[in-house]
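upload32.cif, holding mmCIF, C-alpha atoms:
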```cif
data_protein
#
loop_
_atom_site.label_atom_id
_atom_site.label_comp_id
_atom_site.auth_asym_id
_atom_site.auth_seq_id
_atom_site.Cartn_x
_atom_site.Cartn_y
_atom_site.Cartn_z
CA MET A 1 -16.23 -25.91 -25.62
CA SER A 2 -13.47 -23.75 -27.13
CA THR A 3 -11.06 -25.27 -29.62
CA PRO A 4 -7.48 -25.64 -28.26
CA ASP A 5 -4.90 -23.30 -29.81
CA PRO A 6 -2.54 -25.45 -31.92
CA LEU A 7 0.24 -22.82 -31.93
CA PRO A 8 1.92 -23.86 -28.63
CA ASP A 9 2.13 -27.48 -29.77
CA LEU A 10 3.66 -26.46 -33.10
CA LEU A 11 6.28 -24.33 -31.35
CA ARG A 12 7.15 -27.05 -28.86
CA ALA A 13 7.61 -29.47 -31.77
CA ARG A 14 9.72 -26.86 -33.62
CA ARG A 15 7.39 -27.10 -36.62
CA LEU A 16 8.12 -23.48 -37.44
CA ASP A 17 6.94 -23.46 -41.07
CA GLU A 18 3.50 -24.66 -39.96
CA ALA A 19 3.49 -22.15 -37.09
CA GLU A 20 4.35 -19.37 -39.53
CA ALA A 21 1.55 -20.35 -41.91
CA LEU A 22 -0.95 -20.55 -39.05
CA CYS A 23 0.04 -17.12 -37.71
CA ARG A 24 -0.10 -15.53 -41.15
CA ALA A 25 -3.65 -16.78 -41.52
CA ARG A 26 -4.61 -15.54 -38.05
CA LEU A 27 -3.17 -12.09 -38.67
CA GLU A 28 -4.93 -11.91 -42.01
CA ALA A 29 -8.20 -12.49 -40.18
CA ASP A 30 -7.31 -10.28 -37.21
CA PRO A 31 -4.27 -7.97 -37.57
CA ALA A 32 -4.31 -7.33 -33.80
CA ASP A 33 -4.01 -11.02 -32.81
CA LEU A 34 -1.26 -10.72 -30.21
CA GLY A 35 -0.62 -14.46 -29.88
CA ALA A 36 0.15 -14.72 -33.59
CA ALA A 37 2.09 -11.46 -33.69
CA HIS A 38 4.33 -12.39 -30.77
CA PHE A 39 5.62 -15.37 -32.72
CA LEU A 40 5.45 -14.25 -36.34
CA LEU A 41 6.93 -10.75 -36.22
CA PRO A 42 10.17 -11.65 -34.38
CA HIS A 43 10.35 -14.82 -36.50
CA LEU A 44 10.19 -12.78 -39.70
CA ALA A 45 12.77 -10.32 -38.41
CA GLN A 46 15.11 -13.18 -37.52
CA LYS A 47 14.72 -14.53 -41.06
CA GLY A 48 15.76 -11.12 -42.41
CA ASP A 49 12.29 -10.03 -43.50
CA ALA A 50 11.99 -6.94 -41.30
CA GLU A 51 10.02 -5.15 -44.03
CA GLN A 52 7.16 -7.60 -43.79
CA ALA A 53 7.39 -7.60 -39.99
CA ARG A 54 7.00 -3.82 -40.05
CA ALA A 55 4.01 -3.98 -42.39
CA LEU A 56 2.24 -6.54 -40.20
CA ALA A 57 3.05 -4.61 -37.02
CA LEU A 58 1.74 -1.37 -38.53
CA ARG A 59 -1.51 -3.07 -39.53
CA GLY A 60 -1.83 -4.45 -36.02
CA VAL A 61 -1.17 -1.07 -34.40
CA GLN A 62 -3.84 0.54 -36.56
CA ALA A 63 -6.35 -2.25 -35.97
CA SER A 64 -5.78 -2.30 -32.20
CA GLY A 65 -5.85 1.45 -31.65
CA GLY A 66 -2.17 1.53 -30.62
CA ASN A 67 -1.57 -1.64 -28.61
CA ARG A 68 1.65 -1.35 -26.59
CA ASP A 69 3.10 -4.74 -27.61
CA LEU A 70 2.47 -4.12 -31.28
CA GLN A 71 4.03 -0.67 -30.99
CA LEU A 72 7.17 -2.27 -29.54
CA MET A 73 7.31 -4.82 -32.35
CA LEU A 74 6.82 -2.03 -34.87
CA GLY A 75 9.68 -0.08 -33.33
CA GLN A 76 12.02 -3.06 -33.42
CA ALA A 77 11.22 -3.77 -37.07
CA CYS A 78 11.79 -0.11 -37.95
CA GLU A 79 15.15 -0.14 -36.14
CA GLN A 80 16.22 -3.25 -38.02
CA LEU A 81 15.42 -1.40 -41.25
CA GLY A 82 17.42 1.63 -40.12
CA ASP A 83 14.37 3.89 -39.81
CA LEU A 84 15.26 5.31 -36.40
CA GLU A 85 12.73 8.15 -36.47
CA ALA A 86 9.85 5.76 -37.08
CA ALA A 87 11.17 3.53 -34.31
CA ARG A 88 11.31 6.52 -31.97
CA ALA A 89 7.66 7.31 -32.71
CA ALA A 90 6.60 3.72 -32.02
CA TYR A 91 8.57 3.44 -28.76
CA THR A 92 7.32 6.82 -27.58
CA ALA A 93 3.72 5.77 -28.18
CA ALA A 94 4.31 2.47 -26.36
CA ALA A 95 5.87 4.24 -23.35
CA ALA A 96 2.93 6.65 -23.15
CA ALA A 97 0.40 3.81 -23.26
CA ASP A 98 1.36 2.46 -19.82
CA ALA A 99 2.92 4.61 -17.09
CA ASP A 100 4.20 1.46 -15.33
CA ASP A 101 5.91 -0.10 -18.35
CA TRP A 102 9.71 -0.04 -18.22
CA VAL A 103 10.51 -1.94 -21.41
CA ALA A 104 9.29 0.78 -23.79
CA PRO A 105 11.36 3.63 -22.29
CA LEU A 106 14.37 1.29 -22.12
CA LEU A 107 14.12 0.56 -25.86
CA LEU A 108 13.41 4.23 -26.53
CA ALA A 109 16.58 5.23 -24.66
CA ASP A 110 18.83 3.07 -26.85
CA ASN A 111 17.05 4.39 -29.93
CA LEU A 112 17.56 8.02 -28.85
CA GLU A 113 21.23 7.32 -28.17
CA ARG A 114 21.62 6.03 -31.73
CA LEU A 115 19.95 9.24 -32.92
CA GLY A 116 22.56 11.25 -31.01
CA GLU A 117 20.06 12.67 -28.51
CA ALA A 118 21.92 12.13 -25.25
CA ALA A 119 19.73 14.20 -22.91
CA PRO A 120 16.39 12.58 -23.87
CA ALA A 121 18.10 9.18 -23.80
CA LEU A 122 19.19 9.80 -20.20
CA THR A 123 15.65 10.82 -19.20
CA ALA A 124 14.23 7.66 -20.79
CA ARG A 125 16.78 5.53 -18.94
CA VAL A 126 16.05 7.15 -15.58
CA GLN A 127 12.34 6.53 -16.10
CA ALA A 128 12.92 2.96 -17.27
CA LEU A 129 15.00 2.12 -14.19
CA SER A 130 12.54 3.81 -11.85
CA ARG A 131 9.63 1.87 -13.34
CA ALA A 132 11.62 -1.38 -13.38
CA GLU A 133 12.48 -1.01 -9.71
CA ARG A 134 8.85 -0.25 -8.84
CA ASP A 135 7.83 -3.36 -10.81
CA GLY A 136 10.36 -5.58 -9.05
CA ALA A 137 12.23 -6.25 -12.30
CA LEU A 138 15.60 -5.32 -10.76
CA GLN A 139 15.44 -8.04 -8.12
CA PRO A 140 18.20 -10.64 -8.68
CA GLN A 141 15.72 -13.52 -8.74
CA THR A 142 13.59 -11.97 -11.52
CA PRO A 143 13.94 -14.07 -14.71
CA MET A 144 14.86 -11.96 -17.74
CA PRO A 145 16.30 -12.48 -21.24
CA GLN A 146 20.03 -11.79 -21.42
CA VAL A 147 19.57 -9.06 -24.01
CA MET A 148 17.22 -7.18 -21.67
CA GLN A 149 19.63 -7.61 -18.77
CA ALA A 150 22.33 -6.02 -20.92
CA ARG A 151 20.08 -3.07 -21.77
CA LEU A 152 19.27 -2.53 -18.09
CA GLN A 153 22.94 -2.70 -17.13
CA ARG A 154 23.82 -0.17 -19.82
CA ALA A 155 21.05 2.11 -18.58
CA PHE A 156 22.17 1.72 -14.96
CA LEU A 157 25.79 2.66 -15.74
CA ALA A 158 24.73 5.69 -17.78
CA VAL A 159 22.38 6.94 -15.07
CA GLN A 160 24.92 6.37 -12.30
CA HIS A 161 27.53 8.35 -14.23
CA ALA A 162 25.16 11.28 -14.82
CA ARG A 163 23.89 11.20 -11.24
CA GLY A 164 27.45 11.09 -9.95
CA LEU A 165 28.39 14.27 -11.82
CA GLU A 166 25.52 16.13 -10.16
CA LEU A 167 26.15 14.78 -6.67
CA ASP A 168 29.85 15.57 -6.96
CA ALA A 169 28.96 19.14 -7.87
CA ALA A 170 26.58 19.37 -4.90
CA LEU A 171 29.33 18.16 -2.55
CA ALA A 172 32.10 20.35 -3.97
CA PRO A 173 31.68 23.14 -1.35
CA PHE A 174 31.92 20.67 1.55
CA ALA A 175 35.45 19.28 1.48
CA ALA A 176 35.34 18.58 5.22
CA ALA A 177 32.25 16.35 5.04
CA ALA A 178 34.17 13.09 4.56
CA ARG A 179 31.40 10.85 5.93
CA VAL A 180 28.83 12.30 3.55
CA ARG A 181 31.25 11.88 0.65
CA ALA A 182 31.82 8.24 1.64
CA ALA A 183 28.07 7.57 1.81
CA THR A 184 27.57 9.20 -1.59
CA ASP A 185 30.40 7.16 -3.14
CA ALA A 186 28.80 3.98 -1.78
CA LEU A 187 25.43 5.00 -3.25
CA LEU A 188 27.12 5.49 -6.64
CA GLY A 189 28.93 2.13 -6.43
CA ARG A 190 32.39 3.68 -6.14
CA ARG A 191 33.11 1.96 -2.81
CA ALA A 192 31.57 -0.71 -0.60
CA ARG A 193 28.88 0.38 1.79
CA THR A 194 29.70 -0.09 5.47
CA THR A 195 27.50 0.05 8.54
CA SER A 196 28.41 0.09 12.21
CA HIS A 197 25.85 -2.51 13.31
CA PRO A 198 24.28 -5.57 11.62
CA LEU A 199 20.77 -4.28 12.39
CA GLN A 200 21.46 -0.88 10.83
CA GLN A 201 20.24 -1.22 7.26
CA PRO A 202 19.17 2.09 5.68
CA THR A 203 17.71 1.30 2.29
CA LEU A 204 19.55 4.01 0.38
CA LEU A 205 22.15 6.25 2.01
CA CYS A 206 24.39 5.21 4.91
CA LEU A 207 26.92 7.53 6.54
CA PRO A 208 29.80 5.47 7.99
CA ASP A 209 31.21 5.81 11.48
CA LEU A 210 28.14 7.15 13.24
CA PRO A 211 27.74 5.67 16.74
CA PRO A 212 25.85 2.33 16.43
CA GLN A 213 23.05 3.52 18.69
CA PRO A 214 19.40 2.70 17.95
CA TRP A 215 17.99 4.47 21.02
CA PHE A 216 18.69 7.96 22.40
CA GLU A 217 17.66 9.41 25.75
CA ARG A 218 15.38 12.42 26.10
CA ALA A 219 17.94 14.17 28.27
CA GLN A 220 20.21 14.49 25.22
CA PHE A 221 17.67 16.85 23.64
CA PRO A 222 16.60 19.58 26.10
CA PHE A 223 14.28 21.16 23.52
CA LEU A 224 11.93 18.15 23.77
CA ALA A 225 10.70 19.43 27.13
CA ALA A 226 8.81 22.18 25.30
CA ILE A 227 6.74 19.77 23.19
CA GLU A 228 6.17 17.41 26.11
CA HIS A 229 4.78 20.40 28.01
CA GLU A 230 2.20 20.81 25.22
CA THR A 231 1.02 17.19 25.32
CA GLU A 232 -2.47 17.98 26.65
CA ALA A 233 -3.12 20.68 24.05
CA ILE A 234 -1.79 18.54 21.21
CA ARG A 235 -3.85 15.54 22.35
CA ALA A 236 -7.00 17.71 22.45
CA GLU A 237 -6.43 18.73 18.83
CA LEU A 238 -5.90 15.09 17.86
CA LEU A 239 -9.11 13.96 19.57
CA ALA A 240 -11.07 16.70 17.79
CA LEU A 241 -9.78 15.34 14.48
CA LEU A 242 -11.07 11.87 15.29
CA ASP A 243 -14.63 13.23 15.16
CA ASP A 244 -14.00 14.22 11.52
CA ASP A 245 -11.20 12.17 9.99
CA THR A 246 -10.92 14.31 6.85
CA GLY A 247 -7.26 14.31 5.88
CA MET A 248 -6.46 10.97 7.48
CA GLU A 249 -4.85 8.61 4.98
CA PRO A 250 -3.18 5.20 5.01
CA TYR A 251 0.43 5.53 6.10
CA VAL A 252 1.52 2.87 3.61
CA ASP A 253 0.51 3.61 0.02
CA MET A 254 2.59 1.82 -2.61
CA PRO A 255 1.96 -0.04 -5.89
CA GLN A 256 1.11 -3.68 -5.37
CA ARG A 257 4.01 -4.71 -7.63
CA ALA A 258 6.62 -2.69 -5.70
CA PRO A 259 9.42 -4.82 -4.21
CA ALA A 260 8.43 -3.82 -0.67
CA ALA A 261 4.72 -4.48 -1.18
CA ARG A 262 5.00 -8.06 0.09
CA LEU A 263 6.37 -6.82 3.42
CA TRP A 264 3.54 -4.30 3.72
CA GLN A 265 0.69 -6.42 2.32
CA GLU A 266 -1.28 -6.31 5.60
CA LEU A 267 -1.06 -2.49 5.89
CA ASN A 268 -0.74 -1.27 2.29
CA HIS A 269 -3.66 1.12 1.59
CA SER A 270 -5.13 0.07 4.94
CA PRO A 271 -6.84 2.34 7.51
CA ARG A 272 -5.30 0.20 10.28
CA TRP A 273 -2.27 2.50 10.19
CA ARG A 274 -3.24 6.07 9.33
CA ALA A 275 -1.44 9.40 9.22
CA PHE A 276 -2.49 13.03 9.44
CA HIS A 277 0.44 14.93 7.93
CA PHE A 278 1.58 18.38 9.05
CA HIS A 279 4.73 18.34 6.92
CA ARG A 280 5.11 15.92 4.02
CA HIS A 281 8.35 15.64 2.03
CA GLY A 282 9.48 18.94 3.48
CA MET A 283 6.33 20.83 2.50
CA PRO A 284 3.84 22.15 5.07
CA VAL A 285 0.28 20.88 4.75
CA ALA A 286 -1.34 24.24 5.39
CA ALA A 287 -4.91 23.02 5.89
CA HIS A 288 -3.80 20.46 8.49
CA LEU A 289 -1.61 22.95 10.36
CA ALA A 290 -4.54 25.37 10.47
CA ARG A 291 -6.78 22.72 12.06
CA CYS A 292 -4.24 22.12 14.84
CA PRO A 293 -2.74 25.53 15.72
CA ARG A 294 -1.13 24.51 19.03
CA THR A 295 0.52 21.51 17.39
CA ALA A 296 1.65 23.69 14.50
CA ALA A 297 3.15 26.33 16.78
CA THR A 298 4.97 23.74 18.87
CA LEU A 299 6.46 22.04 15.81
CA ALA A 300 7.53 25.40 14.39
CA ALA A 301 9.58 26.10 17.52
CA LEU A 302 11.53 22.82 17.32
CA PRO A 303 14.88 22.29 15.55
CA LEU A 304 13.38 19.87 13.04
CA MET A 305 15.44 18.29 10.29
CA ARG A 306 14.99 20.52 7.24
CA ILE A 307 15.95 19.49 3.70
CA PRO A 308 14.13 21.04 0.70
CA GLY A 309 11.73 18.51 -0.80
CA HIS A 310 12.39 15.91 1.90
CA ALA A 311 12.24 17.12 5.49
CA PRO A 312 10.70 17.76 7.89
CA GLU A 313 8.25 14.93 8.18
CA ALA A 314 5.70 15.46 10.94
CA MET A 315 2.37 13.72 11.49
CA PHE A 316 -0.12 12.16 13.84
CA SER A 317 0.30 8.38 13.52
CA LEU A 318 -2.73 6.26 14.43
CA LEU A 319 -2.32 2.53 14.95
CA ALA A 320 -5.55 0.55 15.10
CA PRO A 321 -6.29 -2.06 17.78
CA ARG A 322 -4.39 -5.34 17.51
CA THR A 323 -2.22 -4.11 14.64
CA ARG A 324 1.49 -4.75 14.08
CA ILE A 325 3.90 -2.71 12.00
CA PRO A 326 6.43 -5.21 10.58
CA PRO A 327 10.21 -4.85 10.98
CA HIS A 328 11.57 -2.33 8.47
CA THR A 329 14.16 0.41 8.07
CA GLY A 330 14.22 4.00 6.86
CA VAL A 331 16.07 5.24 3.79
CA ILE A 332 18.98 7.05 5.49
CA ASN A 333 20.88 7.37 8.73
CA GLY A 334 21.85 10.83 9.89
CA ARG A 335 18.40 11.58 11.25
CA LEU A 336 16.47 10.55 14.33
CA THR A 337 12.76 9.93 14.69
CA VAL A 338 10.82 11.21 17.69
CA HIS A 339 7.51 9.87 19.03
CA LEU A 340 5.44 12.02 21.38
CA PRO A 341 2.87 9.51 22.71
CA LEU A 342 -0.61 11.05 22.95
CA VAL A 343 -3.04 8.14 23.36
CA VAL A 344 -1.60 4.94 24.84
CA PRO A 345 -4.16 2.41 26.10
CA PRO A 346 -3.26 -0.06 28.86
CA ARG A 347 -1.25 -3.10 27.73
CA CYS A 348 -0.79 -1.41 24.36
CA GLY A 349 2.54 -2.74 23.18
CA ALA A 350 5.88 -1.22 22.32
CA LEU A 351 8.31 0.12 19.77
CA ARG A 352 11.37 -2.01 19.09
CA ALA A 353 14.50 -0.46 17.54
CA GLY A 354 17.51 -2.69 17.12
CA GLU A 355 17.27 -5.34 19.84
CA GLU A 356 15.46 -3.27 22.48
CA ALA A 357 11.71 -2.62 22.82
CA ARG A 358 10.42 0.37 24.75
CA PRO A 359 6.78 1.07 25.67
CA TRP A 360 5.09 4.38 24.95
CA GLU A 361 4.21 6.60 27.89
CA GLU A 362 1.91 9.52 27.27
CA GLY A 363 3.81 12.80 27.23
CA GLN A 364 7.28 11.14 27.30
CA CYS A 365 9.20 11.38 24.01
CA LEU A 366 10.92 8.35 22.52
CA VAL A 367 13.91 9.03 20.25
CA PHE A 368 15.40 6.40 17.92
CA ASP A 369 17.38 5.98 14.73
CA ASP A 370 15.03 4.51 12.13
CA SER A 371 17.92 3.28 9.97
CA PHE A 372 18.00 0.39 12.47
CA VAL A 373 15.49 -2.38 11.96
CA HIS A 374 12.42 -1.33 13.94
CA GLU A 375 8.82 -2.45 14.46
CA ALA A 376 5.83 -1.50 16.57
CA TRP A 377 2.65 -3.14 17.80
CA ASN A 378 -0.64 -2.28 19.47
CA ASP A 379 -1.98 -5.39 21.18
CA SER A 380 -4.78 -3.55 22.95
CA PRO A 381 -8.43 -3.27 21.82
CA HIS A 382 -8.09 0.53 21.57
CA LEU A 383 -6.42 3.11 19.30
CA ARG A 384 -2.81 4.14 19.85
CA ALA A 385 -1.79 7.64 18.66
CA VAL A 386 1.56 9.45 18.61
CA LEU A 387 2.97 12.61 17.08
CA ILE A 388 6.02 11.79 14.92
CA PHE A 389 8.71 14.17 13.70
CA ASP A 390 12.35 14.03 12.56
CA ILE A 391 15.46 15.73 13.94
CA TRP A 392 19.13 15.67 12.95
CA HIS A 393 21.46 13.03 14.36
CA PRO A 394 23.45 14.83 17.07
CA ALA A 395 26.76 13.33 15.90
CA LEU A 396 26.62 15.26 12.62
CA SER A 397 28.46 18.55 12.44
CA ALA A 398 26.84 21.62 10.93
CA THR A 399 28.94 21.12 7.79
CA GLU A 400 27.87 17.49 7.50
CA ARG A 401 24.22 18.48 7.84
CA GLN A 402 24.62 21.02 5.07
CA ALA A 403 26.43 18.51 2.88
CA LEU A 404 23.84 15.78 3.46
CA SER A 405 21.07 18.25 2.69
CA ALA A 406 22.85 19.25 -0.54
CA VAL A 407 23.25 15.62 -1.66
CA ILE A 408 19.65 14.65 -0.89
CA THR A 409 18.32 17.79 -2.58
CA ALA A 410 20.45 17.19 -5.68
CA LEU A 411 19.40 13.55 -5.87
CA GLY A 412 15.73 14.49 -5.61
CA GLU A 413 16.04 17.23 -8.21
CA PHE A 414 17.84 14.85 -10.59
CA ASN A 415 15.04 12.31 -10.40
CA ARG A 416 12.24 14.88 -10.60
CA ARG A 417 13.84 16.55 -13.61
CA HIS A 418 13.83 13.22 -15.41
CA GLY A 419 10.29 12.31 -14.34
CA ALA A 420 11.22 9.46 -11.99
CA ASP A 421 10.41 8.52 -8.40
CA ASP A 422 12.47 10.17 -5.69
CA PRO A 423 14.09 7.26 -3.84
CA LEU A 424 14.50 9.33 -0.66
CA GLN A 425 10.80 10.16 -0.35
CA GLU A 426 9.26 7.44 1.80
#
```

Taking this structure as input, can you express it in the form of C-alpha cells?
Amino acid sequence: MSTPDPLPDLLRARRLDEAEALCRARLEADPADLGAAHFLLPHLAQKGDAEQARALALRGVQASGGNRDLQLMLGQACEQLGDLEAARAAYTAAAAADADDWVAPLLLADNLERLGEAAPALTARVQALSRAERDGALQPQTPMPQVMQARLQRAFLAVQHARGLELDAALAPFAAAARVRAATDALLGRRARTTSHPLQQPTLLCLPDLPPQPWFERAQFPFLAAIEHETEAIRAELLALLDDDTGMEPYVDMPQRAPAARLWQELNHSPRWRAFHFHRHGMPVAAHLARCPRTAATLAALPLMRIPGHAPEAMFSLLAPRTRIPPHTGVINGRLTVHLPLVVPPRCGALRAGEEARPWEEGQCLVFDDSFVHEAWNDSPHLRAVLIFDIWHPALSATERQALSAVITALGEFNRRHGADDPLQE
C-alpha cells in the first residue's frame, strides 16, 4: 500500500512552513517532482526569492528533459528577476513541447511585448487564442484564475485590432457592400450581430437583411438541370468507388477537446458519416476528380461558390444505415448548399432545415441555407448517398460576393500567417 502524500493536508491546514520544508526535501531527492515544484516555486517567488525559484526550476527542467510545467515556472521566475531573454527561451520551449497548449504562447506573447517585439507577440497571441478555443478554454463556464482571464482578454483585444486593420483593408475597394461591412463589424465586435430568423445561427459570419429563407426551390436555379441530367453517370462513378473506398474519410474530424466535440461525439472520426472530397477548402482533390471524370466535368460546368482557400466544397456524402446527423449550423450565411441525391433507400429519412423537413428523391436537387439549424437522418437499413456542393446565395450582388470573398480570404490568410486554425474552414 502506498503512503498518502502529506502535502495536500499541510496546504489545507495552511501549515506553509512545513509544506515548504517537505517540498524542499522532495526536490532535493527528485528535482523534477512536479507536485513539490507546483507549490514551492510560486511560493518562493511570492516570498520574494525568485532567484532560488529560478535555480530550482532550472534543475527540474534539466532533470526532466524539458518538462513543460517546469519550463513555465522557470520563465516566470526569470521574468520576476528581469531576465526577459531567459524567460523568452523558457516560454518558447514550453510552447514547442505541446502543440495544444495555450498557456505557454499566452505567457510568451506578454514577454515578447515587454521585449518590444510586437509582430512575434501578435503571432503568439493568435496561436494562444486558437489553441484555447480548440481546448474549450474560452467557454464562459470554464473556471480560470483571474490573472489568466486578464491575459486572454488582453490577447483577444490585440488580435481583434490587428485583424480589423486587415479586414478593413480588404473591404476598402467595396464601398457599396454595406451588408458585408456590417457582418465584418459584428465579427470584430464593433456592432451587435443580427439575424433575420431565430433558427439562423451561423457560427462566425452573418450578413444582415438576407431573406430569412431556409429552403430554396430548384426552379430558382436553372443550371441545376444539367447536373440532374447526369445523375445516372454520377451514381455509377459513386458505386464504383464503394468497391474500393480509398479516399473515403470521416466527415467529422475534430479534436476531442474542441467545444463542438460533445455535439459530434457519435460521429467524430466515425465511418458512419463519410465523405469523398472533390474540392476541399477551395482546392481540387486531383486524384479524386480523376477517378470520377463525369462528376468532375459536371461540377466544373456549374457556377459554384469560389473563394480562394475556402470554396468550393464538393463531395460525395455517405450516411450509414440508422444514422442521424445532429442539428447544427454552418459558419456563414451568403451561400447555399445543394444535395443531388444518388442513392436513397425506401423509408430513408429526410433533411430538415429550419422548421421544415424534406425527403431526398434520387436525381432531384435539394437547395438550402446551412446557416439555419439543420439535421439529417437515415432510418433505413441501407446506405444513403448524395453529392454535395455550394453555390452563392442569389440575393447577393456581384459586388457583395466579391467583398465577402475578399473578407474570408483575408481572414484565412491572417490566421495562416500566424500559424492558427482558420475559423472559416469547416

Distance in Å - CA of Leu424 in chain A versus CA of Arg280 in chain A: 12.4 Å

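Nearest to Ala395 in chain A of all the residues A:Leu239, A:Leu210, A:Ala226, A:Cys348 is A:Leu210, based on all atoms listed in the file.
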
Residue neighbourhood Cys206 in chain A, 6 Å, only C-alpha atoms, exclusion window fewer than 4 positions, as a VMD selection string: chain A and resid 183 332 to 333

Matched chain/residue IDs from the PyMOL selection byres ((chain A and resi 187-191) around 12), as JSON, numbers by chain: {"A": [156, 157, 158, 159, 160, 161, 162, 163, 164, 165, 166, 167, 168, 180, 181, 182, 183, 184, 185, 186, 192, 193, 194, 202, 203, 204, 205, 206, 207, 208, 331, 332, 407, 408, 411, 423]}

Long-range neighbours of Met248 in chain A as a count of residues only, 7 Å cut-off, all atoms listed in the file, 5 positions minimum in chain: 3
